[in-house]
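Take a look at the structure below.
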Amino acid sequence: MIPADLADRLCAVGGVVAVALGGSRARGEHRPDSDWDLGLYYRGELDVPGLRAVAASVADEEVELTPPGGWGPWVDGGGWLRVGGTAVDWIYRDLDRVHRIWADCRAGRYEVGVQAGHPLGFYSSAYAGEVALCRVLGDPTGELTALREETRAYPPALADALTAGGWEARFLVDGAAKAVAAGDGGYVAGCLFRAVGVLAQVLHARAGRWLVNEKGMIAAAGRLPGAPPDFARRAQGLLGAVGHTPDELAGTLAAARRLVADVLDRADLAALHECVPVDGMGRAGPGGIGWIS
């Protein structure tokens, strides 16, 4: 449970511009044991000692907060707290960087960075998606609230760019075939995980829906309009039983090729009809897959 005045206290710390709730709790899709994920949007120098003082006043036990960048180039930093026995995660976001990434998204640019905890890689567009899907808790200047309204409209140029990036899925499956004769199931598994992740990005992009991390991406992609029949079952089947022998691996890759073709051929057809929705959630109202958790 988050103390009622916590967002106001955090916004009073030097550098903090706004505080937002993300993850499944922001979407109303949480379980009773789900974490509370708080995004701390900051600008300039962040008063980490000030944040530590706030953390000490609410946490069940001593907690260590990192400086910005302490958790890597994309997740940035923060801390894992327990408040009243419940996990409450604080995650930093450089607000100026978020604005720059949002401008890139509108121009159809994105990058994929290496980041611990993100086996698919961290897609820069997730920064904009996090804002679009968050629930603003504290925002004295109104800046994050305004940005949230902007990001709810999924950029068509970003949809085109992510869809165009679908070529990598075919490339990965073809590359995995070179390891079949050696029975290298580990390499095949790695290629297939990334291939499925790329397909999930394509499906979300064509539906105009934000995808912000790998957790739940396969199930979410399978529920999207335009997804091939049984996408989630087929994708999970590939990753859950890659195989050991050359014959088993070859059979898995044959199924993977069919899934890749089903997704990319549908995406190409959708592009011909210019069916990217103007609403950032892929429909008239709010929705989408989660942020941070």
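Each chain in the structure tokens gets a letter, A, B, ..., in the order shown, and its residues are numbered from 1; ligands are numbered from 1 in order too.
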- request: Show which residues sit within 10 Å of region 223-229 of chain A, as number ranges by chain. Count only C-alpha atoms, and ignore same-chain residues fewer than 3 positions away.
  value: A: 199-200, 202-204, 206-209, 218-220, 232-234, 259-267, 269-270, 282, 288
message: Write out as a PyMOL selection string the set of residues from region 125-207 of chain A that DSSP, computed on the backbone, places in alpha helix (DSSP H).
response: chain A and resi 126-133+143-151+156-164+167-177+185-207
- prompt: Please, what distance in Å, to one decimal, runs between CA of Val173 (chain A) and CA of Gly121 (chain A)?
  reply: 18.0 Å
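For region 113-273 of chain A, a DSSP pass over the backbone yields strand (DSSP E) at Gly113, Phe122, Tyr123, Arg135, Val136, Leu137 and Gly138 of chain A.
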So that I have them on file, write out the residues from the current selection with N, CA and C atoms, as a PDB file, in the first residue's frame.
```pdb
ATOM      1  N   GLY A 113      18.613  -1.335 -26.712  1.00  0.00           N
ATOM      2  CA  GLY A 113      19.820  -1.318 -25.901  1.00  0.00           C
ATOM      3  C   GLY A 113      19.963  -2.558 -25.047  1.00  0.00           C
ATOM      4  N   PHE A 122      16.269  -3.652 -24.440  1.00  0.00           N
ATOM      5  CA  PHE A 122      15.348  -2.593 -24.038  1.00  0.00           C
ATOM      6  C   PHE A 122      15.023  -1.736 -25.251  1.00  0.00           C
ATOM      7  N   TYR A 123      13.786  -1.767 -25.689  1.00  0.00           N
ATOM      8  CA  TYR A 123      13.328  -0.942 -26.814  1.00  0.00           C
ATOM      9  C   TYR A 123      13.088   0.476 -26.294  1.00  0.00           C
ATOM     10  N   ARG A 135      -0.395   5.908 -14.429  1.00  0.00           N
ATOM     11  CA  ARG A 135      -1.380   6.704 -13.712  1.00  0.00           C
ATOM     12  C   ARG A 135      -0.607   7.757 -12.934  1.00  0.00           C
ATOM     13  N   VAL A 136      -0.804   8.999 -13.280  1.00  0.00           N
ATOM     14  CA  VAL A 136      -0.052  10.078 -12.656  1.00  0.00           C
ATOM     15  C   VAL A 136      -0.520  10.257 -11.214  1.00  0.00           C
ATOM     16  N   LEU A 137       0.447  10.247 -10.284  1.00  0.00           N
ATOM     17  CA  LEU A 137       0.125  10.395  -8.863  1.00  0.00           C
ATOM     18  C   LEU A 137       0.489  11.774  -8.333  1.00  0.00           C
ATOM     19  N   GLY A 138       1.552  12.330  -8.851  1.00  0.00           N
ATOM     20  CA  GLY A 138       1.998  13.642  -8.419  1.00  0.00           C
ATOM     21  C   GLY A 138       2.636  14.365  -9.585  1.00  0.00           C
TER      22      GLY A 138
END
```
Pairwise distance for CA of Glu143 (chain A) and CA of Val17 (chain A), rounded to one decimal in Å: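 So the answer is 8.1 Å.
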Quick one: residues within 6 Å of Gly79 (chain A), only C-alpha atoms, excluding same-chain residues fewer than 3 positions away - as a compact mmCIF listing (two decimals) with N, CA and C atoms, in the first residue's frame?
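Once written, selection.txt looks like this:
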```txt
# COMPACT_ATOMS: atom_id res chain seq x y z
N LEU A 65 19.10 3.16 -2.16
CA LEU A 65 18.70 3.75 -3.43
C LEU A 65 19.96 4.04 -4.24
N ASP A 89 8.48 -0.60 -5.68
CA ASP A 89 9.70 -0.32 -6.42
C ASP A 89 9.71 1.13 -6.90
N TRP A 90 10.82 1.81 -6.67
CA TRP A 90 11.02 3.16 -7.18
C TRP A 90 11.97 3.08 -8.37
```
task: Between A:Gly251, A:Pro156, A:Gly39, A:Gly175, single out the one closest to Ala195 (chain A), counting only C-alpha atoms.
output: A:Gly175
- request: Might you pull out every residue within 9 Å of region 72-74 of chain A, with only C-alpha atoms counted and same-chain residues fewer than 6 positions away left off, and present them as number ranges by chain?
  value: A: 93, 113-116, 122, 124
Those residues you just picked out, can you put them in a file as a tab-separated table (two decimals), in the first residue's frame with all heavy atoms?
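Resulting contents of result.tsv:
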```
chain	number	residue	atom	x	y	z
A	93	ARG	N	13.35	7.92	-13.99
A	93	ARG	CA	13.27	8.21	-15.40
A	93	ARG	C	13.67	9.69	-15.61
A	93	ARG	O	13.06	10.59	-15.02
A	93	ARG	CB	11.85	7.99	-15.96
A	93	ARG	CG	11.46	6.54	-16.12
A	93	ARG	CD	12.24	5.87	-17.24
A	93	ARG	NE	11.83	4.48	-17.43
A	93	ARG	CZ	12.45	3.44	-16.91
A	93	ARG	NH1	13.51	3.63	-16.11
A	93	ARG	NH2	12.03	2.22	-17.15
A	113	GLY	N	18.61	-1.34	-26.71
A	113	GLY	CA	19.82	-1.32	-25.90
A	113	GLY	C	19.96	-2.56	-25.05
A	113	GLY	O	18.98	-3.21	-24.69
A	114	VAL	N	21.20	-2.88	-24.73
A	114	VAL	CA	21.48	-3.98	-23.81
A	114	VAL	C	21.18	-3.51	-22.39
A	114	VAL	O	21.61	-2.44	-21.98
A	114	VAL	CB	22.95	-4.44	-23.91
A	114	VAL	CG1	23.27	-5.49	-22.86
A	114	VAL	CG2	23.24	-4.97	-25.31
A	115	GLN	N	20.40	-4.29	-21.66
A	115	GLN	CA	20.01	-3.90	-20.32
A	115	GLN	C	19.75	-5.15	-19.48
A	115	GLN	O	18.98	-6.02	-19.89
A	115	GLN	CB	18.74	-3.04	-20.35
A	115	GLN	CG	18.16	-2.72	-18.99
A	115	GLN	CD	19.10	-1.87	-18.14
A	115	GLN	OE1	19.53	-0.80	-18.56
A	115	GLN	NE2	19.41	-2.34	-16.94
A	116	ALA	N	20.42	-5.24	-18.34
A	116	ALA	CA	20.20	-6.38	-17.44
A	116	ALA	C	18.72	-6.51	-17.11
A	116	ALA	O	18.04	-5.51	-16.83
A	116	ALA	CB	21.01	-6.20	-16.16
A	122	PHE	N	16.27	-3.65	-24.44
A	122	PHE	CA	15.35	-2.59	-24.04
A	122	PHE	C	15.02	-1.74	-25.25
A	122	PHE	O	15.89	-1.05	-25.79
A	122	PHE	CB	15.98	-1.73	-22.93
A	122	PHE	CG	15.00	-0.83	-22.24
A	122	PHE	CD1	14.49	-1.17	-20.99
A	122	PHE	CD2	14.57	0.35	-22.82
A	122	PHE	CE1	13.58	-0.34	-20.34
A	122	PHE	CE2	13.67	1.18	-22.19
A	122	PHE	CZ	13.17	0.83	-20.94
A	124	SER	N	13.75	1.44	-26.91
A	124	SER	CA	13.66	2.81	-26.42
A	124	SER	C	12.23	3.33	-26.41
A	124	SER	O	11.86	4.14	-25.56
A	124	SER	CB	14.54	3.74	-27.28
A	124	SER	OG	14.14	3.71	-28.65
```
query: So how many Å separate CA of Asp37 (chain A) and CA of Ile91 (chain A), to one decimal?
result: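 Separating CA of Asp37 (chain A) from CA of Ile91 (chain A) is a distance of 7.4 Å.
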